[in-house]
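Note sheet for the following structure.
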Amino acid sequence: MTTNRSSDLLLTSAAPAIWGSTYVVTTLMLPPGIPLTVAMLRALPAGLLLLLFVRQLPQGVWWPRVFLLGALNFSVFWAMLFVAAYRLPGGVAATLGAIQPLLVIALARLLLGAPVRGLAVLAAAAGLGGVALLVLTPKAALDPVGVAAGLASAASMALGTVLSRRWQPPVSALTFTSWQLTAGGILLAPAALLAEPALPAFSLLNVAGIAYLGLIGAALTYVLWFRGVARLEPAVVSSLGFLSPVTAVLLGWGVLGQSLSAAQLVGMAVVVASVWLSQRAQRMAPAPATPRRAPG
């Protein structure tokens, strides 16, 4: 059991660690000014490719559920994330996103009946502080629309994570991911067409960047993520998301030549400690909460 749990944690943590590369890939490989289009191209082709592989469509009640989950985990989440990224310094946007584990704890209590453990709340708060040390700067400015978008993106993925745990279809994680990615991409398409200019002529570097974000940063990582959501407690899964800004900072230092301060090193240590503390909180629990699944 311990070995299986360790494997689940390792595989699930790979997803946010890879997501941390999104900033570097976007900076070096993607055209500017079309964030919704890039998000759509990241989700829809990957979802359709997986759908062709699994050759299984949702049935009955799973159609509206899949589109709701696709909206929460991809369409709304990515759209609001890009708005926040454009209107706020990256550090502020990342710190706002780091409230997600606290939201997951509250939503898991409300929708799954999961207990609220003090140690898990402490771990989530510590992780938030660690992310702030990692990415905030003294010159960070606040824009009301950007702040609202950052909070909305965190809330969207938090609710998507908890509902993905509550609604577990009788299919593989690969199939479940293909449904959600496709639905999310379909919902992003009209927003991209209406709000952004026509597609520019992509270079080979642009194509490679979009392929990486779609195949690795979406298809592979979300299979691992939803697999973890099905096997681990929501508070544990969401705490692993703190690894994303750690990866982003390390890649910014190693690839983009950005500086790495003492405060950021302390922030990394705090983030790692918070992830460990979150796992500890669940291991000390007498028994894992059983999600209440809706009929169907």
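Ordering of the structure tokens sets the chain letters (A, B, ...), residue numbers begin anew at 1 in every chain, and ligands are numbered from 1 in the order given.
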For Trp78 of chain A: contacts at 8 Å, only C-alpha atoms, fewer than 3 positions along chain excluded, given as number ranges by chain: A: 36, 39, 73-75, 81-82, 153
Long-range neighbours of Ala235 of chain A as a ChimeraX atom specification, 8 Å cut-off, only C-alpha atoms, 3 positions minimum in chain: /A:101,104-105,108,120,238-239,278
Neighbour list for Ala15 of chain A as a list in words, cut-off 9 Å, only C-alpha atoms, skip fewer than 5 positions in-chain: Gly20, Gly217, Ala218, Leu220, Thr221, Tyr222, Val223, Leu224, Trp225, Leu240, Gly241 and Ser244 of chain A
Please, could you write that set of residues out with N, CA, C and O atoms as a short mmCIF file (atom, residue, chain, number, x, y, z; two decimals), in the first residue's frame?
data_model
loop_
_atom_site.label_atom_id
_atom_site.label_comp_id
_atom_site.auth_asym_id
_atom_site.auth_seq_id
_atom_site.Cartn_x
_atom_site.Cartn_y
_atom_site.Cartn_z
N GLY A 20 5.35 23.72 -14.79
CA GLY A 20 6.24 24.83 -14.50
C GLY A 20 7.09 25.25 -15.68
O GLY A 20 7.65 26.35 -15.69
N GLY A 217 2.56 19.01 -22.09
CA GLY A 217 2.02 19.89 -21.06
C GLY A 217 0.53 19.76 -20.85
O GLY A 217 -0.01 20.33 -19.88
N ALA A 218 -0.18 19.04 -21.70
CA ALA A 218 -1.61 18.86 -21.51
C ALA A 218 -1.97 17.37 -21.50
O ALA A 218 -2.42 16.84 -20.49
N LEU A 220 -0.23 14.36 -21.64
CA LEU A 220 0.47 13.50 -20.68
C LEU A 220 0.23 13.94 -19.24
O LEU A 220 -0.12 13.12 -18.37
N THR A 221 0.41 15.22 -18.98
CA THR A 221 0.34 15.67 -17.59
C THR A 221 -1.06 15.53 -17.01
O THR A 221 -1.21 15.17 -15.84
N TYR A 222 -2.10 15.80 -17.82
CA TYR A 222 -3.44 15.71 -17.25
C TYR A 222 -3.90 14.26 -17.09
O TYR A 222 -4.74 13.98 -16.23
N VAL A 223 -3.37 13.34 -17.86
CA VAL A 223 -3.62 11.92 -17.59
C VAL A 223 -3.06 11.58 -16.21
O VAL A 223 -3.74 10.93 -15.39
N LEU A 224 -1.84 12.03 -15.94
CA LEU A 224 -1.24 11.78 -14.63
C LEU A 224 -2.01 12.50 -13.52
O LEU A 224 -2.21 11.95 -12.43
N TRP A 225 -2.45 13.72 -13.81
CA TRP A 225 -3.16 14.52 -12.80
C TRP A 225 -4.50 13.89 -12.44
O TRP A 225 -4.82 13.70 -11.26
N LEU A 240 0.37 19.40 -4.38
CA LEU A 240 1.45 19.14 -5.33
C LEU A 240 1.57 20.26 -6.37
O LEU A 240 2.62 20.42 -6.99
N GLY A 241 0.52 21.03 -6.55
CA GLY A 241 0.56 22.15 -7.48
C GLY A 241 1.60 23.20 -7.11
O GLY A 241 2.03 23.98 -7.97
N SER A 244 4.84 23.58 -9.24
CA SER A 244 4.89 24.26 -10.53
C SER A 244 5.71 25.55 -10.48
O SER A 244 6.61 25.75 -11.31
#
Per-residue nearest contacts of segment 31-138 of chain A to segment 207-211 of chain A (9 Å; only C-alpha atoms) as a tab-separated table:
residue	atom	partner	partner_atom	distance
A:Val38	CA	A:Ile210	CA	7.2
A:Leu41	CA	A:Ile210	CA	7.0
A:Arg42	CA	A:Ile210	CA	6.2
A:Ala46	CA	A:Ala211	CA	8.6
Can you check which parts of segment 218-264 of chain A lie within 10 Å of segment 160-168 of chain A? Per residue, the shortest pair of atoms and distance in Å to one decimal, counting only C-alpha atoms, sorted by chain and number, as a tab-separated table.
residue	atom	partner	partner_atom	distance
A:Trp225	CA	A:Thr161	CA	9.3
A:Phe226	CA	A:Ser164	CA	7.4
A:Arg227	CA	A:Arg165	CA	9.7
A:Gly228	CA	A:Arg165	CA	9.3
A:Val229	CA	A:Arg165	CA	5.7
A:Ala230	CA	A:Arg165	CA	5.6
A:Arg231	CA	A:Arg165	CA	8.6
A:Leu232	CA	A:Arg165	CA	9.0
A:Glu233	CA	A:Arg165	CA	8.5
A:Pro234	CA	A:Val162	CA	6.4
A:Ala235	CA	A:Val162	CA	9.2
A:Val237	CA	A:Thr161	CA	8.6
A:Ser238	CA	A:Thr161	CA	7.9
Using only C-alpha atoms, tabulate the residues of segment 33-113 of chain A lying at most 6 Å from any atom of segment 173-181 of chain A, each with its closest atom pair and that distance in Å to one decimal, by chain and increasing residue number, as a Markdown table.
| residue | atom | partner | partner_atom | distance |
| --- | --- | --- | --- | --- |
| A:Ala43 | CA | A:Leu181 | CA | 5.2 |
| A:Gly47 | CA | A:Leu181 | CA | 4.6 |
| A:Leu50 | CA | A:Ser178 | CA | 5.2 |
| A:Leu51 | CA | A:Ser178 | CA | 5.3 |
| A:Val66 | CA | A:Gln180 | CA | 5.7 |
| A:Gly70 | CA | A:Gln180 | CA | 4.4 |
Write a file of the selected residues as an mmCIF file, in the first residue's frame, keeping N, CA, C and O atoms.
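This is the output file again_14.cif:
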data_model
loop_
_atom_site.group_PDB
_atom_site.id
_atom_site.type_symbol
_atom_site.label_atom_id
_atom_site.label_comp_id
_atom_site.auth_asym_id
_atom_site.auth_seq_id
_atom_site.Cartn_x
_atom_site.Cartn_y
_atom_site.Cartn_z
ATOM 1 N N ALA A 43 -5.265 22.561 -26.020
ATOM 2 C CA ALA A 43 -6.248 21.600 -25.511
ATOM 3 C C ALA A 43 -6.889 20.750 -26.607
ATOM 4 O O ALA A 43 -6.918 19.517 -26.505
ATOM 5 N N GLY A 47 -6.727 16.736 -27.117
ATOM 6 C CA GLY A 47 -7.925 15.995 -26.742
ATOM 7 C C GLY A 47 -8.434 15.106 -27.874
ATOM 8 O O GLY A 47 -8.794 13.948 -27.655
ATOM 9 N N LEU A 50 -6.125 12.056 -28.320
ATOM 10 C CA LEU A 50 -6.407 11.033 -27.313
ATOM 11 C C LEU A 50 -7.746 10.356 -27.581
ATOM 12 O O LEU A 50 -7.899 9.146 -27.382
ATOM 13 N N LEU A 51 -8.711 11.142 -28.054
ATOM 14 C CA LEU A 51 -10.034 10.584 -28.337
ATOM 15 C C LEU A 51 -9.966 9.575 -29.478
ATOM 16 O O LEU A 51 -10.631 8.524 -29.438
ATOM 17 N N VAL A 66 -18.855 16.244 -18.418
ATOM 18 C CA VAL A 66 -17.569 16.408 -19.083
ATOM 19 C C VAL A 66 -17.376 17.845 -19.558
ATOM 20 O O VAL A 66 -16.285 18.421 -19.424
ATOM 21 N N GLY A 70 -14.555 20.196 -18.298
ATOM 22 C CA GLY A 70 -13.668 20.781 -19.294
ATOM 23 C C GLY A 70 -13.604 22.293 -19.165
ATOM 24 O O GLY A 70 -12.530 22.895 -19.330
#
Straight-line distance linking atom CA of Gly257 of chain A with atom CA of Leu136 of chain A, stated in Å to one decimal: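 Those two atoms sit 17.9 Å apart.
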Distance in Å - atom CA of Pro245 of chain A versus atom CA of Trp19 of chain A: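 Separating atom CA of Pro245 of chain A from atom CA of Trp19 of chain A is a distance of 8.7 Å.
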Separation of atom CA of Val24 of chain A from atom CA of Ser156 of chain A, in Å and rounded to one decimal: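 Distance between the two atoms: 23.9 Å.
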Among the residues A:Leu88, A:Met268, A:Leu251, A:Ile216, the one that comes closest to Ala14 of chain A [using only C-alpha atoms]: A:Ile216
Surrounding residues of Ala84 of chain A excluding itself and chain neighbours under 4 positions, 7 Å, only C-alpha atoms, as a ChimeraX atom specification: /A:80,88,93,146-147,149-150
With N, CA and C atoms kept, could you save the residues just selected as a JSON list (two decimals), in the first residue's frame?
[["chain", "number", "residue", "atom", "x", "y", "z"],
["A", 80, "MET", "N", -8.83, 32.73, -17.53],
["A", 80, "MET", "CA", -8.61, 33.64, -16.41],
["A", 80, "MET", "C", -7.13, 33.73, -16.04],
["A", 88, "LEU", "N", -1.15, 41.42, -14.37],
["A", 88, "LEU", "CA", -0.44, 41.43, -13.10],
["A", 88, "LEU", "C", 1.01, 40.99, -13.31],
["A", 93, "ALA", "N", 0.37, 37.00, -9.82],
["A", 93, "ALA", "CA", -0.53, 36.01, -10.42],
["A", 93, "ALA", "C", -0.27, 34.62, -9.84],
["A", 146, "GLY", "N", -7.13, 42.09, -12.79],
["A", 146, "GLY", "CA", -6.16, 41.00, -12.76],
["A", 146, "GLY", "C", -6.28, 40.15, -11.51],
["A", 147, "VAL", "N", -6.48, 40.80, -10.36],
["A", 147, "VAL", "CA", -6.65, 40.06, -9.11],
["A", 147, "VAL", "C", -7.89, 39.19, -9.16],
["A", 149, "ALA", "N", -9.33, 38.00, -11.82],
["A", 149, "ALA", "CA", -9.09, 36.89, -12.75],
["A", 149, "ALA", "C", -8.21, 35.82, -12.11],
["A", 150, "GLY", "N", -7.18, 36.25, -11.35],
["A", 150, "GLY", "CA", -6.32, 35.28, -10.69],
["A", 150, "GLY", "C", -7.07, 34.44, -9.68]]
Backbone-only DSSP, helix (DSSP H, G or I) members of segment 29-130 of chain A, as a PyMOL selection string: chain A and resi 29+35-54+62-87+90-97+100-112+118-130
Residue nearest Ala219 of chain A among A:Pro32, A:Pro197, A:Pro45, A:Pro16 (counting only C-alpha atoms): A:Pro45
